[in-house]
>>> print(open('run.cif').read())   # mmCIF, C-alpha atoms
data_input
loop_
_atom_site.group_PDB
_atom_site.id
_atom_site.type_symbol
_atom_site.label_atom_id
_atom_site.label_comp_id
_atom_site.auth_asym_id
_atom_site.auth_seq_id
_atom_site.Cartn_x
_atom_site.Cartn_y
_atom_site.Cartn_z
ATOM 1 C CA MET J 46 0.000 0.000 0.000
ATOM 2 C CA ARG J 47 1.216 3.472 -0.762
ATOM 3 C CA ALA J 48 1.737 5.752 2.225
ATOM 4 C CA CYS J 49 1.310 9.468 1.649
ATOM 5 C CA ILE J 50 2.978 12.075 3.830
ATOM 6 C CA LEU J 51 0.924 15.275 3.694
ATOM 7 C CA ALA J 52 3.116 18.367 3.398
ATOM 8 C CA GLY J 53 0.919 20.899 1.633
ATOM 9 C CA GLY J 54 0.483 23.420 4.431
ATOM 10 C CA LEU J 55 2.220 26.745 4.887
ATOM 11 C CA SER J 56 3.667 25.985 8.356
ATOM 12 C CA ARG J 57 2.818 29.542 9.494
ATOM 13 C CA ARG J 58 2.807 28.780 13.226
ATOM 14 C CA PHE J 59 5.965 26.724 12.829
ATOM 15 C CA GLY J 60 7.894 29.443 11.000
ATOM 16 C CA ALA J 61 9.678 27.085 8.586
ATOM 17 C CA ASP J 62 8.864 24.191 6.262
ATOM 18 C CA LYS J 63 7.910 21.375 8.667
ATOM 19 C CA ALA J 64 8.634 18.660 6.117
ATOM 20 C CA LEU J 65 12.260 19.771 5.874
ATOM 21 C CA TYR J 66 12.761 20.538 9.580
ATOM 22 C CA PRO J 67 15.707 18.501 10.883
ATOM 23 C CA ILE J 68 15.158 16.028 13.714
ATOM 24 C CA ASP J 69 18.419 14.423 14.798
ATOM 25 C CA GLY J 70 19.975 15.777 11.593
ATOM 26 C CA GLU J 71 17.360 14.272 9.251
ATOM 27 C CA PRO J 72 14.460 16.094 7.554
ATOM 28 C CA LEU J 73 11.207 15.244 9.319
ATOM 29 C CA VAL J 74 9.659 13.896 6.106
ATOM 30 C CA LEU J 75 12.503 11.388 5.685
ATOM 31 C CA ARG J 76 12.197 10.356 9.331
ATOM 32 C CA LEU J 77 8.526 9.586 8.710
ATOM 33 C CA ALA J 78 9.356 7.804 5.456
ATOM 34 C CA ALA J 79 11.695 5.467 7.376
ATOM 35 C CA VAL J 80 8.915 4.629 9.862
ATOM 36 C CA LEU J 81 6.492 3.934 7.009
ATOM 37 C CA ARG J 82 9.022 1.714 5.201
ATOM 38 C CA ALA J 83 9.652 -0.217 8.420
ATOM 39 C CA ALA J 84 5.893 -0.827 8.585
ATOM 40 C CA GLY J 85 5.985 -2.290 5.054
ATOM 41 C CA LEU J 86 4.667 0.725 3.171
ATOM 42 C CA ASP J 87 5.873 2.635 0.113
ATOM 43 C CA PRO J 88 6.219 6.319 1.191
ATOM 44 C CA TRP J 89 5.268 9.212 -1.094
ATOM 45 C CA LEU J 90 5.247 12.942 -0.433
ATOM 46 C CA VAL J 91 2.068 14.933 -1.142
ATOM 47 C CA ALA J 92 2.715 18.665 -1.425
ATOM 48 C CA ARG J 93 1.806 21.861 -3.251
ATOM 49 C CA GLU J 94 5.234 22.135 -4.885
ATOM 50 C CA PRO J 95 8.069 19.650 -5.444
ATOM 51 C CA ARG J 96 10.492 19.226 -2.538
ATOM 52 C CA ALA J 97 13.097 16.933 -4.194
ATOM 53 C CA VAL J 98 13.810 14.920 -1.034
ATOM 54 C CA GLY J 99 14.211 11.585 -2.782
ATOM 55 C CA LEU J 100 10.611 10.398 -2.394
ATOM 56 C CA PRO J 101 8.068 9.963 -5.170
ATOM 57 C CA GLU J 102 5.782 12.992 -5.112
ATOM 58 C CA LEU J 103 2.143 13.775 -5.772
ATOM 59 C CA LEU J 104 1.103 17.399 -6.159
ATOM 60 C CA GLU J 105 -2.058 18.911 -4.780
ATOM 61 C CA PRO J 106 -4.096 21.118 -7.121
ATOM 62 C CA GLU J 107 -3.639 24.876 -7.167
ATOM 63 C CA GLY J 108 -6.252 26.911 -5.343
ATOM 64 C CA PRO J 109 -7.359 27.266 -1.740
ATOM 65 C CA ARG J 110 -5.370 25.180 0.734
ATOM 66 C CA HIS J 111 -7.128 22.442 2.661
ATOM 67 C CA PRO J 112 -5.614 19.256 4.074
ATOM 68 C CA LEU J 113 -8.242 17.157 2.321
ATOM 69 C CA TRP J 114 -6.705 18.098 -1.050
ATOM 70 C CA GLY J 115 -3.753 16.013 0.095
ATOM 71 C CA VAL J 116 -6.046 13.089 0.923
ATOM 72 C CA ALA J 117 -7.707 13.409 -2.500
ATOM 73 C CA ALA J 118 -4.270 13.403 -4.171
ATOM 74 C CA ALA J 119 -3.269 10.330 -2.157
ATOM 75 C CA LEU J 120 -6.385 8.514 -3.361
ATOM 76 C CA GLY J 121 -6.083 9.757 -6.945
ATOM 77 C CA GLU J 122 -4.741 6.471 -8.323
ATOM 78 C CA GLY J 123 -7.894 4.641 -7.254
ATOM 79 C CA ASP J 124 -6.219 2.638 -4.486
ATOM 80 C CA ASP J 125 -6.530 2.795 -0.729
ATOM 81 C CA ALA J 126 -3.753 4.787 0.912
ATOM 82 C CA PHE J 127 -2.180 5.160 4.313
ATOM 83 C CA VAL J 128 -2.008 8.893 5.094
ATOM 84 C CA THR J 129 -0.022 10.812 7.693
ATOM 85 C CA PRO J 130 0.606 14.504 8.313
ATOM 86 C CA CYS J 131 4.269 15.481 7.942
ATOM 87 C CA ASP J 132 4.503 16.800 11.500
ATOM 88 C CA LEU J 133 4.216 13.588 13.526
ATOM 89 C CA ALA J 134 7.863 13.441 14.602
ATOM 90 C CA ASP J 135 7.325 10.648 17.123
ATOM 91 C CA LEU J 136 5.108 8.332 15.054
ATOM 92 C CA ARG J 137 6.069 4.715 15.722
ATOM 93 C CA VAL J 138 6.032 1.622 13.525
ATOM 94 C CA ASP J 139 3.721 -0.226 15.951
ATOM 95 C CA GLN J 140 1.162 2.588 15.696
ATOM 96 C CA VAL J 141 1.253 2.469 11.893
ATOM 97 C CA ARG J 142 0.888 -1.324 11.879
ATOM 98 C CA ALA J 143 -2.051 -1.185 14.301
ATOM 99 C CA LEU J 144 -3.858 1.292 12.031
ATOM 100 C CA LEU J 145 -3.105 -0.856 8.985
ATOM 101 C CA ASP J 146 -4.398 -3.999 10.706
ATOM 102 C CA ALA J 147 -7.601 -2.215 11.784
ATOM 103 C CA ARG J 148 -7.909 -0.290 8.477
ATOM 104 C CA ALA J 149 -8.731 2.717 10.640
ATOM 105 C CA VAL J 150 -7.873 6.346 11.314
ATOM 106 C CA ALA J 151 -6.236 7.323 14.593
ATOM 107 C CA VAL J 152 -8.325 8.718 17.419
ATOM 108 C CA GLY J 153 -7.220 12.327 17.914
ATOM 109 C CA GLN J 154 -5.321 12.452 14.589
ATOM 110 C CA PRO J 155 -7.966 12.445 11.841
ATOM 111 C CA LEU J 156 -5.386 12.667 9.038
ATOM 112 C CA LEU J 157 -3.504 9.559 10.187
ATOM 113 C CA GLY J 158 -4.595 6.146 9.034
ATOM 114 C CA VAL J 159 -5.993 4.103 6.192
ATOM 115 C CA PHE J 160 -8.236 5.942 3.752
ATOM 116 C CA PRO J 161 -10.283 3.817 1.332
ATOM 117 C CA ALA J 162 -10.156 4.785 -2.351
ATOM 118 C CA TRP J 163 -13.913 5.419 -2.443
ATOM 119 C CA LEU J 164 -13.367 8.509 -0.247
ATOM 120 C CA ARG J 165 -11.609 10.459 -3.004
ATOM 121 C CA ASP J 166 -14.706 12.253 -4.350
ATOM 122 C CA ARG J 167 -15.890 12.894 -0.797
ATOM 123 C CA ALA J 168 -12.481 14.456 0.026
ATOM 124 C CA VAL J 169 -12.719 16.742 -3.014
ATOM 125 C CA ALA J 170 -16.254 17.814 -2.075
ATOM 126 C CA ALA J 171 -15.279 18.426 1.555
ATOM 127 C CA ALA J 172 -12.190 20.444 0.544
ATOM 128 C CA ASN J 173 -14.271 22.532 -1.873
ATOM 129 C CA ALA J 174 -16.806 23.169 0.903
ATOM 130 C CA ASN J 175 -14.017 23.957 3.407
ATOM 131 C CA ALA J 176 -15.457 21.270 5.682
ATOM 132 C CA SER J 177 -13.607 20.170 8.787
ATOM 133 C CA VAL J 178 -11.351 17.137 8.615
ATOM 134 C CA ARG J 179 -13.090 15.719 11.689
ATOM 135 C CA SER J 180 -16.460 15.838 9.955
ATOM 136 C CA PHE J 181 -14.880 14.172 6.917
ATOM 137 C CA VAL J 182 -13.655 11.178 8.948
ATOM 138 C CA ALA J 183 -16.795 10.913 11.094
ATOM 139 C CA GLY J 184 -18.160 7.415 10.740
ATOM 140 C CA LEU J 185 -14.894 5.867 9.546
ATOM 141 C CA PRO J 186 -13.389 3.104 11.680
ATOM 142 C CA SER J 187 -11.079 4.622 14.286
ATOM 143 C CA LEU J 188 -8.491 3.215 16.641
ATOM 144 C CA ASP J 189 -6.774 4.634 19.704
ATOM 145 C CA VAL J 190 -3.059 3.978 19.186
ATOM 146 C CA GLY J 191 -1.954 6.131 22.101
ATOM 147 C CA PRO J 192 -0.756 9.711 22.182
ATOM 148 C CA ILE J 193 0.747 11.171 19.026
ATOM 149 C CA THR J 194 1.954 14.747 19.172
ATOM 150 C CA ASN J 195 1.986 17.149 16.247
ATOM 151 C CA LEU J 196 5.174 19.187 15.982
ATOM 152 C CA ASN J 197 3.625 22.670 15.789
ATOM 153 C CA ARG J 198 6.687 24.603 16.955
ATOM 154 C CA PRO J 199 10.374 23.895 16.485
ATOM 155 C CA ARG J 200 11.734 21.739 19.289
ATOM 156 C CA GLY J 201 13.261 23.780 22.078
ATOM 157 C CA SER J 202 11.217 26.918 21.315
#
>>> encode(input="run.cif", output="structure tokens")
Amino acid sequence: MRACILAGGLSRRFGADKALYPIDGEPLVLRLAAVLRAAGLDPWLVAREPRAVGLPELLEPEGPRHPLWGVAAALGEGDDAFVTPCDLADLRVDQVRALLDARAVAVGQPLLGVFPAWLRDRAVAAANANASVRSFVAGLPSLDVGPITNLNRPRGS
């Protein structure tokens, strides 16, 4: 299954490109890619513009930004996809595997988990309507895999 790392946001609160932010000397997106590979997935980057970090890339459409454009891009090939935001610096392989086994999204992290291909048109409609991500995933299977923290500020700040 393809795993898509969502990196289409502006990182305004963060102050720098989160996907490229170094954690232990490695860009965050490559740290996540290693976790996804260890879980048996094929990592891709989903962004608004190419990042050239050595991962296959899918580009979101031009226009208003919404995280569900990234989900729609991830599902664009007509296959299910594992999706994760680019800012989950402490995501673990066991958490990814649990979500894969349950074919679920994570409780508290609505953009983390398995998204069935049939959701693509629904993601496009929700993005166009500027709907909340939580309303988009309402009714999908969910699983509590423990705490997962978003990196919203550089570490140490």
>>> residues_near_point(input="run.cif", point="(-9.5, 22.8, 6.8)", cutoff="7 Å", atoms="only C-alpha atoms", output="ChimeraX atom specification")
/J:111-112,175-178
>>> atom_distance(input="run.cif", atom1="CA of Ala183 (chain J)", atom2="CA of Leu103 (chain J)")
25.5 Å
>>> resolve_selection(input="run.cif", expression="the PyMOL selection byres ((chain J and resi 68) around 12)", output="PDB file with C-alpha atoms, in the frame of the given file")
ATOM      1  CA  LYS J  63       7.910  21.375   8.667  1.00  0.00           C
ATOM      2  CA  ALA J  64       8.634  18.660   6.117  1.00  0.00           C
ATOM      3  CA  LEU J  65      12.260  19.771   5.874  1.00  0.00           C
ATOM      4  CA  TYR J  66      12.761  20.538   9.580  1.00  0.00           C
ATOM      5  CA  PRO J  67      15.707  18.501  10.883  1.00  0.00           C
ATOM      6  CA  ASP J  69      18.419  14.423  14.798  1.00  0.00           C
ATOM      7  CA  GLY J  70      19.975  15.777  11.593  1.00  0.00           C
ATOM      8  CA  GLU J  71      17.360  14.272   9.251  1.00  0.00           C
ATOM      9  CA  PRO J  72      14.460  16.094   7.554  1.00  0.00           C
ATOM     10  CA  LEU J  73      11.207  15.244   9.319  1.00  0.00           C
ATOM     11  CA  VAL J  74       9.659  13.896   6.106  1.00  0.00           C
ATOM     12  CA  LEU J  75      12.503  11.388   5.685  1.00  0.00           C
ATOM     13  CA  ARG J  76      12.197  10.356   9.331  1.00  0.00           C
ATOM     14  CA  LEU J  77       8.526   9.586   8.710  1.00  0.00           C
ATOM     15  CA  ASP J 132       4.503  16.800  11.500  1.00  0.00           C
ATOM     16  CA  LEU J 133       4.216  13.588  13.526  1.00  0.00           C
ATOM     17  CA  ALA J 134       7.863  13.441  14.602  1.00  0.00           C
ATOM     18  CA  ASP J 135       7.325  10.648  17.123  1.00  0.00           C
ATOM     19  CA  LEU J 196       5.174  19.187  15.982  1.00  0.00           C
ATOM     20  CA  PRO J 199      10.374  23.895  16.485  1.00  0.00           C
ATOM     21  CA  ARG J 200      11.734  21.739  19.289  1.00  0.00           C
ATOM     22  CA  GLY J 201      13.261  23.780  22.078  1.00  0.00           C
TER      23      GLY J 201
END
>>> residues_around(input="run.cif", residues="Pro101 (chain J)", least_positions_apart="6", cutoff="8 Å", atoms="only C-alpha atoms", output="MDAnalysis selection string")
chainID J and resid 88:90
>>> write_last_selection(input="run.cif", atoms="C-alpha atoms", output="compact mmCIF listing (two decimals), in the frame of the given file")
# COMPACT_ATOMS: atom_id res chain seq x y z
CA PRO J 88 6.22 6.32 1.19
CA TRP J 89 5.27 9.21 -1.09
CA LEU J 90 5.25 12.94 -0.43
>>> closest_residue(input="run.cif", among="J:Val91, J:Val98, J:Trp114, J:Leu188", to="Ala170 (chain J)", atoms="all atoms listed in the file")
J:Trp114
>>> atom_distance(input="run.cif", atom1="CA of Cys49 (chain J)", atom2="CA of Ala126 (chain J)")
6.9 Å
>>> residues_near_point(input="run.cif", point="(2.8, 14.2, 18.0)", cutoff="12 Å", atoms="all atoms listed in the file", output="ChimeraX atom specification")
/J:77,129-137,140,151,153-154,157,190-198,200
>>> atom_distance(input="run.cif", atom1="CA of Gly115 (chain J)", atom2="CA of Ala92 (chain J)")
7.2 Å
>>> build_atoms(input="run.cif", residues="region 65-86 of chain J", atoms="N, CA and C atoms", output="PDB file, in the coordinates of the input")
ATOM      1  N   LEU J  65      10.807  19.736   5.980  1.00  0.00           N
ATOM      2  CA  LEU J  65      12.260  19.771   5.874  1.00  0.00           C
ATOM      3  C   LEU J  65      12.958  20.039   7.204  1.00  0.00           C
ATOM      4  N   TYR J  66      12.190  20.253   8.267  1.00  0.00           N
ATOM      5  CA  TYR J  66      12.761  20.538   9.580  1.00  0.00           C
ATOM      6  C   TYR J  66      13.605  19.352  10.056  1.00  0.00           C
ATOM      7  N   PRO J  67      14.849  19.614  10.467  1.00  0.00           N
ATOM      8  CA  PRO J  67      15.707  18.501  10.883  1.00  0.00           C
ATOM      9  C   PRO J  67      15.412  18.016  12.304  1.00  0.00           C
ATOM     10  N   ILE J  68      15.262  16.705  12.419  1.00  0.00           N
ATOM     11  CA  ILE J  68      15.158  16.028  13.714  1.00  0.00           C
ATOM     12  C   ILE J  68      16.341  15.061  13.752  1.00  0.00           C
ATOM     13  N   ASP J  69      17.199  15.238  14.715  1.00  0.00           N
ATOM     14  CA  ASP J  69      18.419  14.423  14.798  1.00  0.00           C
ATOM     15  C   ASP J  69      19.171  14.426  13.468  1.00  0.00           C
ATOM     16  N   GLY J  70      19.212  15.609  12.821  1.00  0.00           N
ATOM     17  CA  GLY J  70      19.975  15.777  11.593  1.00  0.00           C
ATOM     18  C   GLY J  70      19.312  15.272  10.329  1.00  0.00           C
ATOM     19  N   GLU J  71      18.067  14.824  10.415  1.00  0.00           N
ATOM     20  CA  GLU J  71      17.360  14.272   9.251  1.00  0.00           C
ATOM     21  C   GLU J  71      16.061  15.042   9.040  1.00  0.00           C
ATOM     22  N   PRO J  72      15.742  15.415   7.786  1.00  0.00           N
ATOM     23  CA  PRO J  72      14.460  16.094   7.554  1.00  0.00           C
ATOM     24  C   PRO J  72      13.294  15.255   8.083  1.00  0.00           C
ATOM     25  N   LEU J  73      12.361  15.916   8.716  1.00  0.00           N
ATOM     26  CA  LEU J  73      11.207  15.244   9.319  1.00  0.00           C
ATOM     27  C   LEU J  73      10.514  14.311   8.340  1.00  0.00           C
ATOM     28  N   VAL J  74      10.355  14.728   7.085  1.00  0.00           N
ATOM     29  CA  VAL J  74       9.659  13.896   6.106  1.00  0.00           C
ATOM     30  C   VAL J  74      10.412  12.588   5.855  1.00  0.00           C
ATOM     31  N   LEU J  75      11.732  12.622   5.895  1.00  0.00           N
ATOM     32  CA  LEU J  75      12.503  11.388   5.685  1.00  0.00           C
ATOM     33  C   LEU J  75      12.473  10.505   6.926  1.00  0.00           C
ATOM     34  N   ARG J  76      12.366  11.127   8.088  1.00  0.00           N
ATOM     35  CA  ARG J  76      12.197  10.356   9.331  1.00  0.00           C
ATOM     36  C   ARG J  76      10.878   9.578   9.274  1.00  0.00           C
ATOM     37  N   LEU J  77       9.825  10.257   8.852  1.00  0.00           N
ATOM     38  CA  LEU J  77       8.526   9.586   8.710  1.00  0.00           C
ATOM     39  C   LEU J  77       8.573   8.508   7.641  1.00  0.00           C
ATOM     40  N   ALA J  78       9.241   8.789   6.532  1.00  0.00           N
ATOM     41  CA  ALA J  78       9.356   7.804   5.456  1.00  0.00           C
ATOM     42  C   ALA J  78      10.015   6.525   5.967  1.00  0.00           C
ATOM     43  N   ALA J  79      11.024   6.644   6.824  1.00  0.00           N
ATOM     44  CA  ALA J  79      11.695   5.467   7.376  1.00  0.00           C
ATOM     45  C   ALA J  79      10.744   4.643   8.247  1.00  0.00           C
ATOM     46  N   VAL J  80       9.906   5.322   9.036  1.00  0.00           N
ATOM     47  CA  VAL J  80       8.915   4.629   9.862  1.00  0.00           C
ATOM     48  C   VAL J  80       7.922   3.889   8.968  1.00  0.00           C
ATOM     49  N   LEU J  81       7.464   4.555   7.920  1.00  0.00           N
ATOM     50  CA  LEU J  81       6.492   3.934   7.009  1.00  0.00           C
ATOM     51  C   LEU J  81       7.098   2.734   6.290  1.00  0.00           C
ATOM     52  N   ARG J  82       8.345   2.855   5.846  1.00  0.00           N
ATOM     53  CA  ARG J  82       9.022   1.714   5.201  1.00  0.00           C
ATOM     54  C   ARG J  82       9.147   0.538   6.167  1.00  0.00           C
ATOM     55  N   ALA J  83       9.511   0.840   7.411  1.00  0.00           N
ATOM     56  CA  ALA J  83       9.652  -0.217   8.420  1.00  0.00           C
ATOM     57  C   ALA J  83       8.325  -0.922   8.686  1.00  0.00           C
ATOM     58  N   ALA J  84       7.226  -0.233   8.430  1.00  0.00           N
ATOM     59  CA  ALA J  84       5.893  -0.827   8.585  1.00  0.00           C
ATOM     60  C   ALA J  84       5.438  -1.548   7.312  1.00  0.00           C
ATOM     61  N   GLY J  85       6.302  -1.569   6.285  1.00  0.00           N
ATOM     62  CA  GLY J  85       5.985  -2.290   5.054  1.00  0.00           C
ATOM     63  C   GLY J  85       5.293  -1.472   3.995  1.00  0.00           C
ATOM     64  N   LEU J  86       5.354  -0.162   4.115  1.00  0.00           N
ATOM     65  CA  LEU J  86       4.667   0.725   3.171  1.00  0.00           C
ATOM     66  C   LEU J  86       5.650   1.396   2.212  1.00  0.00           C
TER      67      LEU J  86
END
